[in-house]
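Data from upload_25.txt: compact mmCIF, C-alpha atoms
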# COMPACT_ATOMS: atom_id res chain seq x y z
CA MET A 113 59.24 165.62 -25.28
CA SER A 114 61.60 168.08 -23.53
CA GLU A 115 65.22 168.35 -24.56
CA LYS A 116 66.36 166.85 -21.24
CA LYS A 117 64.13 163.79 -21.60
CA HIS A 118 65.28 163.43 -25.17
CA ASP A 119 68.93 163.34 -24.06
CA VAL A 120 68.16 160.75 -21.39
CA ALA A 121 66.37 158.57 -23.94
CA ILE A 122 69.36 158.76 -26.26
CA VAL A 123 71.71 157.73 -23.44
CA ILE A 124 69.51 154.74 -22.49
CA ILE A 125 69.17 153.60 -26.09
CA SER A 126 72.92 153.92 -26.64
CA PHE A 127 73.58 151.92 -23.48
CA LEU A 128 71.24 149.14 -24.61
CA VAL A 129 72.87 149.06 -28.04
CA ILE A 130 76.32 148.75 -26.45
CA ILE A 131 75.14 145.85 -24.28
CA PHE A 132 73.56 144.10 -27.26
CA VAL A 133 76.64 144.52 -29.43
CA SER A 134 78.91 143.32 -26.61
CA GLN A 135 76.82 140.21 -26.03
CA PHE A 136 76.74 139.51 -29.75
CA ALA A 137 80.51 139.93 -30.01
CA LEU A 138 81.07 137.59 -27.07
CA ALA A 139 78.79 135.00 -28.62
CA ALA A 140 80.49 135.35 -31.97
CA TYR A 141 83.96 134.86 -30.45
CA GLU A 142 83.04 132.18 -27.94
CA TYR A 143 85.83 129.63 -27.82
CA PRO A 144 84.92 126.51 -29.82
CA LYS A 145 84.41 123.39 -27.70
CA LEU A 146 83.50 119.81 -28.31
CA LEU A 147 82.11 119.46 -24.79
CA ASP A 148 81.89 121.89 -21.88
CA THR A 149 82.31 119.18 -19.23
CA PRO A 150 83.76 116.16 -21.03
CA TRP A 151 84.52 114.03 -17.96
CA ASP A 152 82.32 113.22 -14.96
CA HIS A 153 85.23 112.42 -12.65
CA PHE A 154 88.76 113.35 -11.65
CA PRO A 155 91.54 112.41 -11.76
CA ILE A 156 91.55 111.35 -15.39
CA THR A 157 93.68 108.22 -15.61
CA VAL A 158 96.24 108.03 -18.41
CA PHE A 159 98.10 104.99 -19.74
CA ILE A 160 101.22 105.75 -21.79
CA ASP A 161 102.04 102.75 -23.95
CA ASP A 162 105.82 102.97 -24.30
CA VAL A 163 106.24 99.20 -24.70
CA ASP A 164 104.31 98.32 -27.86
CA VAL A 165 105.99 101.00 -29.96
CA PRO A 166 107.05 101.40 -33.62
CA LEU A 167 110.59 101.16 -34.95
CA HIS A 168 111.43 104.86 -34.77
CA TYR A 169 109.94 105.51 -31.33
CA SER A 170 112.19 107.54 -29.04
CA PRO A 171 112.12 107.10 -25.22
CA THR A 172 112.17 110.89 -24.97
CA TYR A 173 108.60 110.97 -26.33
CA ARG A 174 107.20 109.75 -23.01
CA VAL A 175 108.80 112.76 -21.32
CA GLN A 176 106.99 115.03 -23.79
CA VAL A 177 103.65 113.38 -22.96
CA GLU A 178 104.25 113.93 -19.25
CA SER A 179 105.12 117.58 -19.96
CA ALA A 180 101.92 117.97 -21.99
CA LEU A 181 99.87 116.60 -19.09
CA LEU A 182 101.47 119.14 -16.75
CA TYR A 183 100.75 121.89 -19.30
CA TRP A 184 97.02 121.30 -19.07
CA GLU A 185 97.08 120.78 -15.30
CA ASP A 186 98.70 124.23 -15.04
CA GLY A 187 95.89 125.85 -17.03
CA GLY A 188 96.91 125.14 -20.63
CA ASN A 189 95.66 127.81 -23.01
CA SER A 190 93.28 129.21 -20.33
CA LYS A 191 90.17 128.17 -22.29
CA LEU A 192 88.97 125.40 -19.99
CA ASP A 193 86.18 126.00 -17.49
CA PHE A 194 87.76 123.50 -15.11
CA MET A 195 91.18 122.47 -13.88
CA PRO A 196 92.01 118.95 -15.09
CA ASN A 197 93.85 116.47 -12.94
CA PHE A 198 95.63 113.47 -14.47
CA GLU A 199 96.97 110.27 -12.97
CA VAL A 200 99.41 108.18 -14.99
CA VAL A 201 98.70 104.47 -14.47
CA ASP A 202 100.26 101.20 -15.62
CA THR A 203 97.09 99.51 -16.88
CA ASP A 204 95.56 99.95 -20.32
CA ASP A 205 92.00 100.24 -18.96
CA ALA A 206 92.70 103.91 -18.22
CA ASP A 207 90.43 106.78 -19.25
CA ILE A 208 92.96 107.93 -21.85
CA ARG A 209 95.37 105.60 -23.62
CA ILE A 210 98.29 107.21 -25.45
CA MET A 211 100.08 105.19 -28.09
CA TRP A 212 102.42 105.64 -31.05
CA VAL A 213 102.46 104.38 -34.61
CA GLU A 214 105.12 104.77 -37.27
CA ASN A 215 102.98 106.82 -39.64
CA ILE A 216 99.26 107.48 -39.23
CA GLU A 217 98.59 107.70 -42.96
CA GLU A 218 100.00 104.23 -43.56
CA VAL A 219 98.82 102.46 -40.39
CA ILE A 220 95.33 103.91 -39.97
CA GLY A 221 94.62 105.59 -43.28
CA ALA A 222 94.33 109.12 -41.90
CA GLN A 223 94.46 112.03 -44.28
CA GLU A 224 97.81 113.56 -45.19
CA GLY A 225 99.23 115.95 -42.61
CA VAL A 226 97.56 114.39 -39.55
CA ALA A 227 100.20 113.87 -36.85
CA GLY A 228 97.84 112.63 -34.15
CA PHE A 229 94.18 112.19 -33.30
CA TRP A 230 91.79 111.72 -30.39
CA SER A 231 89.31 108.86 -30.68
CA PRO A 232 86.76 108.92 -27.83
CA TYR A 233 84.00 106.59 -26.70
CA MET A 234 81.06 108.55 -25.29
CA ILE A 235 78.03 107.78 -23.11
CA ASN A 236 75.34 110.36 -22.28
CA GLY A 237 77.36 113.26 -23.61
CA LYS A 238 80.49 112.43 -21.60
CA TYR A 239 83.75 110.76 -22.45
CA LEU A 240 83.95 107.28 -20.99
CA ARG A 241 87.39 106.59 -22.42
CA GLY A 242 89.44 107.34 -25.49
CA ASP A 243 92.69 106.80 -27.38
CA ILE A 244 95.27 109.36 -28.43
CA VAL A 245 97.30 108.04 -31.36
CA LEU A 246 100.53 109.82 -32.27
CA GLU A 247 102.87 109.20 -35.16
CA VAL A 248 106.64 109.32 -34.76
CA GLY A 249 107.31 110.88 -38.15
CA ASN A 250 106.12 111.32 -41.70
CA TYR A 251 107.27 111.36 -45.28
CA GLN A 252 108.40 114.54 -47.01
CA GLY A 253 108.42 113.41 -50.57
CA TYR A 254 110.15 110.05 -50.48
CA ALA A 255 112.28 110.88 -47.44
CA TRP A 256 111.33 109.79 -43.93
CA ARG A 257 111.43 112.57 -41.33
CA GLN A 258 111.55 111.78 -37.64
CA TYR A 259 109.64 114.10 -35.28
CA GLY A 260 111.77 115.97 -32.77
CA ASP A 261 110.80 116.25 -29.11
CA LEU A 262 109.31 119.73 -29.43
CA ASN A 263 107.06 118.63 -32.28
CA MET A 264 105.91 115.64 -30.23
CA LEU A 265 105.17 117.96 -27.30
CA LEU A 266 103.05 120.29 -29.44
CA VAL A 267 101.06 117.48 -31.04
CA THR A 268 100.43 115.82 -27.67
CA LYS A 269 99.25 119.09 -26.11
CA HIS A 270 96.86 119.56 -29.03
CA GLU A 271 95.34 116.07 -28.80
CA LEU A 272 95.00 116.32 -25.02
CA GLY A 273 93.12 119.55 -25.63
CA HIS A 274 90.56 117.58 -27.64
CA ALA A 275 90.41 115.00 -24.84
CA LEU A 276 89.52 117.88 -22.50
CA GLY A 277 86.67 119.02 -24.74
CA LEU A 278 88.29 121.77 -26.81
CA ALA A 279 87.69 122.05 -30.54
CA HIS A 280 89.96 123.65 -33.14
CA SER A 281 90.76 127.33 -32.78
CA SER A 282 91.11 129.91 -35.53
CA ASP A 283 93.95 131.61 -33.64
CA LYS A 284 97.25 130.55 -35.20
CA LYS A 285 99.03 131.15 -31.88
CA ASP A 286 96.68 128.82 -29.99
CA ILE A 287 97.74 125.26 -29.25
CA MET A 288 94.36 124.15 -30.64
CA TYR A 289 95.00 125.62 -34.08
CA PRO A 290 94.53 122.67 -36.48
CA THR A 291 97.95 122.89 -38.11
CA TYR A 292 101.39 123.73 -36.78
CA GLU A 293 104.85 124.51 -38.05
CA GLU A 294 107.55 122.02 -37.19
CA ARG A 295 109.69 123.67 -34.53
CA ASP A 296 112.80 121.51 -34.52
CA ASN A 297 114.50 119.10 -36.87
CA MET A 298 116.62 117.22 -34.34
CA ASN A 299 116.08 113.50 -34.56
CA PRO A 300 116.01 112.29 -30.91
CA LEU A 301 117.17 108.78 -31.87
CA LEU A 302 120.08 110.20 -33.84
CA LEU A 303 120.93 112.54 -30.98
CA SER A 304 120.95 109.75 -28.39
CA ALA A 305 123.05 107.54 -30.69
CA THR A 306 125.70 110.18 -31.46
CA LEU A 307 125.83 111.92 -28.08
CA PRO A 308 128.44 109.53 -26.55
CA TYR A 309 130.74 110.04 -29.55
CA LEU A 310 130.24 113.79 -29.36
CA VAL A 311 131.16 113.79 -25.67
CA VAL A 312 134.29 111.70 -26.38
CA PHE A 313 135.26 114.09 -29.19
CA VAL A 314 134.84 117.20 -27.01
CA VAL A 315 136.69 115.68 -24.06
CA GLY A 316 139.46 114.40 -26.35
CA SER A 317 139.80 117.80 -28.00
CA LEU A 318 140.08 119.53 -24.62
CA ALA A 319 142.69 116.99 -23.52
CA VAL A 320 144.77 117.68 -26.64
CA VAL A 321 144.54 121.45 -26.09
CA VAL A 322 145.59 121.10 -22.44
CA PHE A 323 148.49 118.83 -23.43
CA LEU A 324 149.72 121.32 -26.04
CA LEU A 325 149.50 124.20 -23.57
CA ILE A 326 151.47 122.28 -20.95
CA SER A 327 154.05 121.22 -23.55
CA TRP A 328 154.45 124.80 -24.75
CA ARG A 329 154.85 126.03 -21.18
CA ARG A 330 157.49 123.41 -20.42
CA TYR A 331 159.36 124.24 -23.65
CA LYS A 332 159.31 127.93 -22.78
CA LEU A 333 160.66 127.32 -19.28
CA LYS A 334 163.35 124.96 -20.59
CA ARG A 335 164.43 127.48 -23.21
CA GLU A 336 164.62 130.29 -20.66
CA HIS A 337 166.68 128.09 -18.36
CA LEU A 338 169.06 127.19 -21.20
CA GLU A 339 169.47 130.84 -22.16
CA MET A 340 170.30 131.68 -18.56
CA GLU A 341 173.02 129.02 -18.52
CA LEU A 342 174.55 130.13 -21.83
CA PHE A 343 174.27 133.88 -21.65
CA GLY A 344 173.67 134.57 -18.03
CA GLU A 345 171.13 137.00 -16.64
CA LYS A 346 170.67 140.05 -18.81

Go ahead and render the structure in this file as structure tokens.
Amino acid sequence: MSEKKHDVAIVIISFLVIIFVSQFALAAYEYPKLLDTPWDHFPITVFIDDVDVPLHYSPTYRVQVESALLYWEDGGNSKLDFMPNFEVVDTDDADIRIMWVENIEEVIGAQEGVAGFWSPYMINGKYLRGDIVLEVGNYQGYAWRQYGDLNMLLVTKHELGHALGLAHSSDKKDIMYPTYEERDNMNPLLLSATLPYLVVFVVGSLAVVVFLLISWRRYKLKREHLEMELFGEK
């Protein structure tokens, strides 16, 4: 074989090796999915049960669910092969029912650390319907800890990802990573209960400051006027 043909053969073999390695790498890092096409129709109807709720439910949680729905409609984590479309309805015969419990471990017997789960009913490899169950808080030791709005948003996004066919990701920055760090500690019920008092305190404090400034100004003017009468203009 001539040197020129030998070089050509090396180039072709190298090219084939690169293609093989690339395909293998793509297969190895293919995003994990439960189903490629989980639903056979759009829009996906969603019922948000904000009536039959546990003791520590916050009305702000519904807002977080609606934000999570918009997150996936806008593309989510960019791992879906389709663009989902949701329709929030008022009947519980929806495709997806979202509900809250006080604590999943106590109510359902889920393992420790589970903040929500997706429970689907399938026919012929497609989701027919399913429930997303979310807890409103958990126990840290013996102390009850209420979930803040940001935590509720993250958990809801994650469970909706399962409802759209995505499995758990190994990327810690991905919304489908199986665990998450709590992002905020603000109790929404405590915030809503104390907000009126906080507003009154701030407004009252401003009123006191304004009153003192006006009083000081009046005292200064009165003193200057008195000095003018006693000593005349300097």

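Candidate residues A:Asp193, A:Glu218, A:Glu271, A:Glu247 were compared for distance to Ser231 (chain A), and the nearest is A:Glu271, using all atoms listed in the file.
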
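Comparing the minimum interatomic distances between Tyr289 (chain A) and each of A:Ala206, A:His274, A:Asp243, A:Val177, counting only C-alpha atoms, we find that A:His274 sits nearest.
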
Between CA of Trp256 (chain A) and CA of Ala227 (chain A) - distance in Å to one decimal: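 Those two atoms sit 13.8 Å apart.
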
Within 12 Å of Tyr251 (chain A) using all atoms listed in the file, minus same-chain residues under 6 positions, as a ChimeraX atom specification: /A:214-218,224-227,257-259

Point-to-point distance from CA of Thr203 (chain A) to CA of Asp164 (chain A), Å rounded to tenths: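 A separation of 13.2 Å between them.
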
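Nearest residue to Tyr173 (chain A) among A:Ile156, A:Leu318, A:Leu262, A:Ile208 is A:Leu262, counting all atoms listed in the file.
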
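CA of Met340 (chain A) is positioned 24.2 Å from CA of Leu324 (chain A).
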
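With distances restricted to all atoms listed in the file, A:Tyr143 is the closest residue to Leu192 (chain A) from A:Tyr233, A:Trp328, A:Tyr143, A:Tyr254.
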
If you keep N, CA and C atoms, can you output region 133-180 of chain A as a PDB file, in the first residue's frame?
ATOM      1  N   VAL A 133     -17.487   6.896  18.886  1.00  0.00           N
ATOM      2  CA  VAL A 133     -17.329   7.397  20.246  1.00  0.00           C
ATOM      3  C   VAL A 133     -18.388   8.450  20.549  1.00  0.00           C
ATOM      4  N   SER A 134     -18.686   9.312  19.566  1.00  0.00           N
ATOM      5  CA  SER A 134     -19.694  10.355  19.764  1.00  0.00           C
ATOM      6  C   SER A 134     -21.066   9.749  19.998  1.00  0.00           C
ATOM      7  N   GLN A 135     -21.414   8.748  19.190  1.00  0.00           N
ATOM      8  CA  GLN A 135     -22.705   8.091  19.351  1.00  0.00           C
ATOM      9  C   GLN A 135     -22.796   7.383  20.696  1.00  0.00           C
ATOM     10  N   PHE A 136     -21.701   6.766  21.105  1.00  0.00           N
ATOM     11  CA  PHE A 136     -21.683   6.074  22.386  1.00  0.00           C
ATOM     12  C   PHE A 136     -21.842   7.069  23.539  1.00  0.00           C
ATOM     13  N   ALA A 137     -21.168   8.219  23.412  1.00  0.00           N
ATOM     14  CA  ALA A 137     -21.251   9.234  24.456  1.00  0.00           C
ATOM     15  C   ALA A 137     -22.663   9.795  24.547  1.00  0.00           C
ATOM     16  N   LEU A 138     -23.282  10.013  23.381  1.00  0.00           N
ATOM     17  CA  LEU A 138     -24.654  10.520  23.382  1.00  0.00           C
ATOM     18  C   LEU A 138     -25.611   9.519  24.013  1.00  0.00           C
ATOM     19  N   ALA A 139     -25.392   8.253  23.706  1.00  0.00           N
ATOM     20  CA  ALA A 139     -26.251   7.214  24.285  1.00  0.00           C
ATOM     21  C   ALA A 139     -26.038   7.109  25.788  1.00  0.00           C
ATOM     22  N   ALA A 140     -24.786   7.262  26.195  1.00  0.00           N
ATOM     23  CA  ALA A 140     -24.478   7.136  27.613  1.00  0.00           C
ATOM     24  C   ALA A 140     -25.066   8.290  28.415  1.00  0.00           C
ATOM     25  N   TYR A 141     -25.155   9.486  27.792  1.00  0.00           N
ATOM     26  CA  TYR A 141     -25.651  10.661  28.503  1.00  0.00           C
ATOM     27  C   TYR A 141     -27.059  11.060  28.062  1.00  0.00           C
ATOM     28  N   GLU A 142     -27.774  10.125  27.481  1.00  0.00           N
ATOM     29  CA  GLU A 142     -29.149  10.409  27.093  1.00  0.00           C
ATOM     30  C   GLU A 142     -29.975  10.701  28.337  1.00  0.00           C
ATOM     31  N   TYR A 143     -30.779  11.747  28.263  1.00  0.00           N
ATOM     32  CA  TYR A 143     -31.533  12.180  29.437  1.00  0.00           C
ATOM     33  C   TYR A 143     -32.517  11.094  29.849  1.00  0.00           C
ATOM     34  N   PRO A 144     -32.542  10.760  31.138  1.00  0.00           N
ATOM     35  CA  PRO A 144     -33.426   9.675  31.603  1.00  0.00           C
ATOM     36  C   PRO A 144     -34.904  10.084  31.536  1.00  0.00           C
ATOM     37  N   LYS A 145     -35.719   9.205  30.986  1.00  0.00           N
ATOM     38  CA  LYS A 145     -37.148   9.476  30.861  1.00  0.00           C
ATOM     39  C   LYS A 145     -37.965   8.273  31.278  1.00  0.00           C
ATOM     40  N   LEU A 146     -39.109   8.563  31.850  1.00  0.00           N
ATOM     41  CA  LEU A 146     -40.073   7.515  32.153  1.00  0.00           C
ATOM     42  C   LEU A 146     -40.829   7.132  30.895  1.00  0.00           C
ATOM     43  N   LEU A 147     -41.216   8.142  30.131  1.00  0.00           N
ATOM     44  CA  LEU A 147     -41.926   7.945  28.858  1.00  0.00           C
ATOM     45  C   LEU A 147     -41.517   9.061  27.907  1.00  0.00           C
ATOM     46  N   ASP A 148     -41.371   8.729  26.629  1.00  0.00           N
ATOM     47  CA  ASP A 148     -41.041   9.748  25.642  1.00  0.00           C
ATOM     48  C   ASP A 148     -42.259  10.606  25.305  1.00  0.00           C
ATOM     49  N   THR A 149     -43.400   9.966  25.145  1.00  0.00           N
ATOM     50  CA  THR A 149     -44.649  10.684  24.853  1.00  0.00           C
ATOM     51  C   THR A 149     -45.699  10.202  25.857  1.00  0.00           C
ATOM     52  N   PRO A 150     -45.728  10.815  27.032  1.00  0.00           N
ATOM     53  CA  PRO A 150     -46.577  10.297  28.110  1.00  0.00           C
ATOM     54  C   PRO A 150     -48.071  10.524  27.905  1.00  0.00           C
ATOM     55  N   TRP A 151     -48.445  11.550  27.153  1.00  0.00           N
ATOM     56  CA  TRP A 151     -49.858  11.863  26.965  1.00  0.00           C
ATOM     57  C   TRP A 151     -50.220  11.791  25.485  1.00  0.00           C
ATOM     58  N   ASP A 152     -51.442  11.334  25.198  1.00  0.00           N
ATOM     59  CA  ASP A 152     -51.882  11.239  23.806  1.00  0.00           C
ATOM     60  C   ASP A 152     -52.775  12.404  23.406  1.00  0.00           C
ATOM     61  N   HIS A 153     -52.811  13.455  24.229  1.00  0.00           N
ATOM     62  CA  HIS A 153     -53.672  14.586  23.907  1.00  0.00           C
ATOM     63  C   HIS A 153     -53.174  15.841  24.621  1.00  0.00           C
ATOM     64  N   PHE A 154     -53.560  16.965  24.097  1.00  0.00           N
ATOM     65  CA  PHE A 154     -53.334  18.277  24.711  1.00  0.00           C
ATOM     66  C   PHE A 154     -54.595  19.114  24.499  1.00  0.00           C
ATOM     67  N   PRO A 155     -54.914  20.021  25.411  1.00  0.00           N
ATOM     68  CA  PRO A 155     -54.168  20.326  26.632  1.00  0.00           C
ATOM     69  C   PRO A 155     -54.344  19.246  27.690  1.00  0.00           C
ATOM     70  N   ILE A 156     -53.421  19.212  28.622  1.00  0.00           N
ATOM     71  CA  ILE A 156     -53.515  18.338  29.782  1.00  0.00           C
ATOM     72  C   ILE A 156     -54.306  19.095  30.848  1.00  0.00           C
ATOM     73  N   THR A 157     -55.426  18.543  31.244  1.00  0.00           N
ATOM     74  CA  THR A 157     -56.248  19.247  32.242  1.00  0.00           C
ATOM     75  C   THR A 157     -55.697  19.015  33.646  1.00  0.00           C
ATOM     76  N   VAL A 158     -55.784  20.057  34.468  1.00  0.00           N
ATOM     77  CA  VAL A 158     -55.214  20.020  35.812  1.00  0.00           C
ATOM     78  C   VAL A 158     -56.260  20.542  36.799  1.00  0.00           C
ATOM     79  N   PHE A 159     -56.494  19.770  37.841  1.00  0.00           N
ATOM     80  CA  PHE A 159     -57.377  20.193  38.936  1.00  0.00           C
ATOM     81  C   PHE A 159     -56.522  20.446  40.162  1.00  0.00           C
ATOM     82  N   ILE A 160     -56.597  21.662  40.703  1.00  0.00           N
ATOM     83  CA  ILE A 160     -55.842  22.042  41.898  1.00  0.00           C
ATOM     84  C   ILE A 160     -56.804  22.054  43.072  1.00  0.00           C
ATOM     85  N   ASP A 161     -56.669  21.075  43.943  1.00  0.00           N
ATOM     86  CA  ASP A 161     -57.586  20.953  45.077  1.00  0.00           C
ATOM     87  C   ASP A 161     -57.128  21.862  46.218  1.00  0.00           C
ATOM     88  N   ASP A 162     -57.625  23.093  46.228  1.00  0.00           N
ATOM     89  CA  ASP A 162     -57.287  24.023  47.302  1.00  0.00           C
ATOM     90  C   ASP A 162     -58.456  24.206  48.272  1.00  0.00           C
ATOM     91  N   VAL A 163     -59.357  23.220  48.279  1.00  0.00           N
ATOM     92  CA  VAL A 163     -60.489  23.238  49.209  1.00  0.00           C
ATOM     93  C   VAL A 163     -60.297  22.208  50.313  1.00  0.00           C
ATOM     94  N   ASP A 164     -60.080  20.965  49.924  1.00  0.00           N
ATOM     95  CA  ASP A 164     -59.845  19.891  50.888  1.00  0.00           C
ATOM     96  C   ASP A 164     -58.351  19.881  51.222  1.00  0.00           C
ATOM     97  N   VAL A 165     -57.958  20.750  52.135  1.00  0.00           N
ATOM     98  CA  VAL A 165     -56.539  20.979  52.406  1.00  0.00           C
ATOM     99  C   VAL A 165     -56.225  20.728  53.877  1.00  0.00           C
ATOM    100  N   PRO A 166     -54.958  20.463  54.202  1.00  0.00           N
ATOM    101  CA  PRO A 166     -54.575  20.219  55.607  1.00  0.00           C
ATOM    102  C   PRO A 166     -54.487  21.524  56.391  1.00  0.00           C
ATOM    103  N   LEU A 167     -54.245  21.388  57.681  1.00  0.00           N
ATOM    104  CA  LEU A 167     -54.255  22.510  58.610  1.00  0.00           C
ATOM    105  C   LEU A 167     -53.282  23.610  58.217  1.00  0.00           C
ATOM    106  N   HIS A 168     -52.069  23.239  57.823  1.00  0.00           N
ATOM    107  CA  HIS A 168     -51.034  24.239  57.566  1.00  0.00           C
ATOM    108  C   HIS A 168     -50.922  24.622  56.094  1.00  0.00           C
ATOM    109  N   TYR A 169     -51.958  24.360  55.319  1.00  0.00           N
ATOM    110  CA  TYR A 169     -51.954  24.783  53.912  1.00  0.00           C
ATOM    111  C   TYR A 169     -51.967  26.303  53.827  1.00  0.00           C
ATOM    112  N   SER A 170     -51.195  26.840  52.880  1.00  0.00           N
ATOM    113  CA  SER A 170     -51.184  28.279  52.638  1.00  0.00           C
ATOM    114  C   SER A 170     -51.800  28.573  51.269  1.00  0.00           C
ATOM    115  N   PRO A 171     -52.685  29.574  51.169  1.00  0.00           N
ATOM    116  CA  PRO A 171     -53.272  29.930  49.870  1.00  0.00           C
ATOM    117  C   PRO A 171     -52.231  30.308  48.823  1.00  0.00           C
ATOM    118  N   THR A 172     -51.044  30.686  49.271  1.00  0.00           N
ATOM    119  CA  THR A 172     -49.991  31.038  48.313  1.00  0.00           C
ATOM    120  C   THR A 172     -49.456  29.817  47.573  1.00  0.00           C
ATOM    121  N   TYR A 173     -49.742  28.612  48.071  1.00  0.00           N
ATOM    122  CA  TYR A 173     -49.260  27.402  47.400  1.00  0.00           C
ATOM    123  C   TYR A 173     -49.894  27.228  46.020  1.00  0.00           C
ATOM    124  N   ARG A 174     -51.151  27.605  45.880  1.00  0.00           N
ATOM    125  CA  ARG A 174     -51.805  27.501  44.569  1.00  0.00           C
ATOM    126  C   ARG A 174     -51.057  28.358  43.536  1.00  0.00           C
ATOM    127  N   VAL A 175     -50.626  29.523  43.948  1.00  0.00           N
ATOM    128  CA  VAL A 175     -49.880  30.402  43.046  1.00  0.00           C
ATOM    129  C   VAL A 175     -48.599  29.714  42.577  1.00  0.00           C
ATOM    130  N   GLN A 176     -47.950  28.976  43.472  1.00  0.00           N
ATOM    131  CA  GLN A 176     -46.721  28.273  43.112  1.00  0.00           C
ATOM    132  C   GLN A 176     -46.999  27.154  42.109  1.00  0.00           C
ATOM    133  N   VAL A 177     -48.139  26.476  42.256  1.00  0.00           N
ATOM    134  CA  VAL A 177     -48.516  25.440  41.291  1.00  0.00           C
ATOM    135  C   VAL A 177     -48.738  26.061  39.919  1.00  0.00           C
ATOM    136  N   GLU A 178     -49.432  27.180  39.879  1.00  0.00           N
ATOM    137  CA  GLU A 178     -49.679  27.848  38.599  1.00  0.00           C
ATOM    138  C   GLU A 178     -48.368  28.307  37.961  1.00  0.00           C
ATOM    139  N   SER A 179     -47.426  28.764  38.782  1.00  0.00           N
ATOM    140  CA  SER A 179     -46.107  29.164  38.267  1.00  0.00           C
ATOM    141  C   SER A 179     -45.346  27.954  37.729  1.00  0.00           C
ATOM    142  N   ALA A 180     -45.478  26.811  38.401  1.00  0.00           N
ATOM    143  CA  ALA A 180     -44.809  25.591  37.941  1.00  0.00           C
ATOM    144  C   ALA A 180     -45.376  25.127  36.604  1.00  0.00           C
TER     145      ALA A 180
END
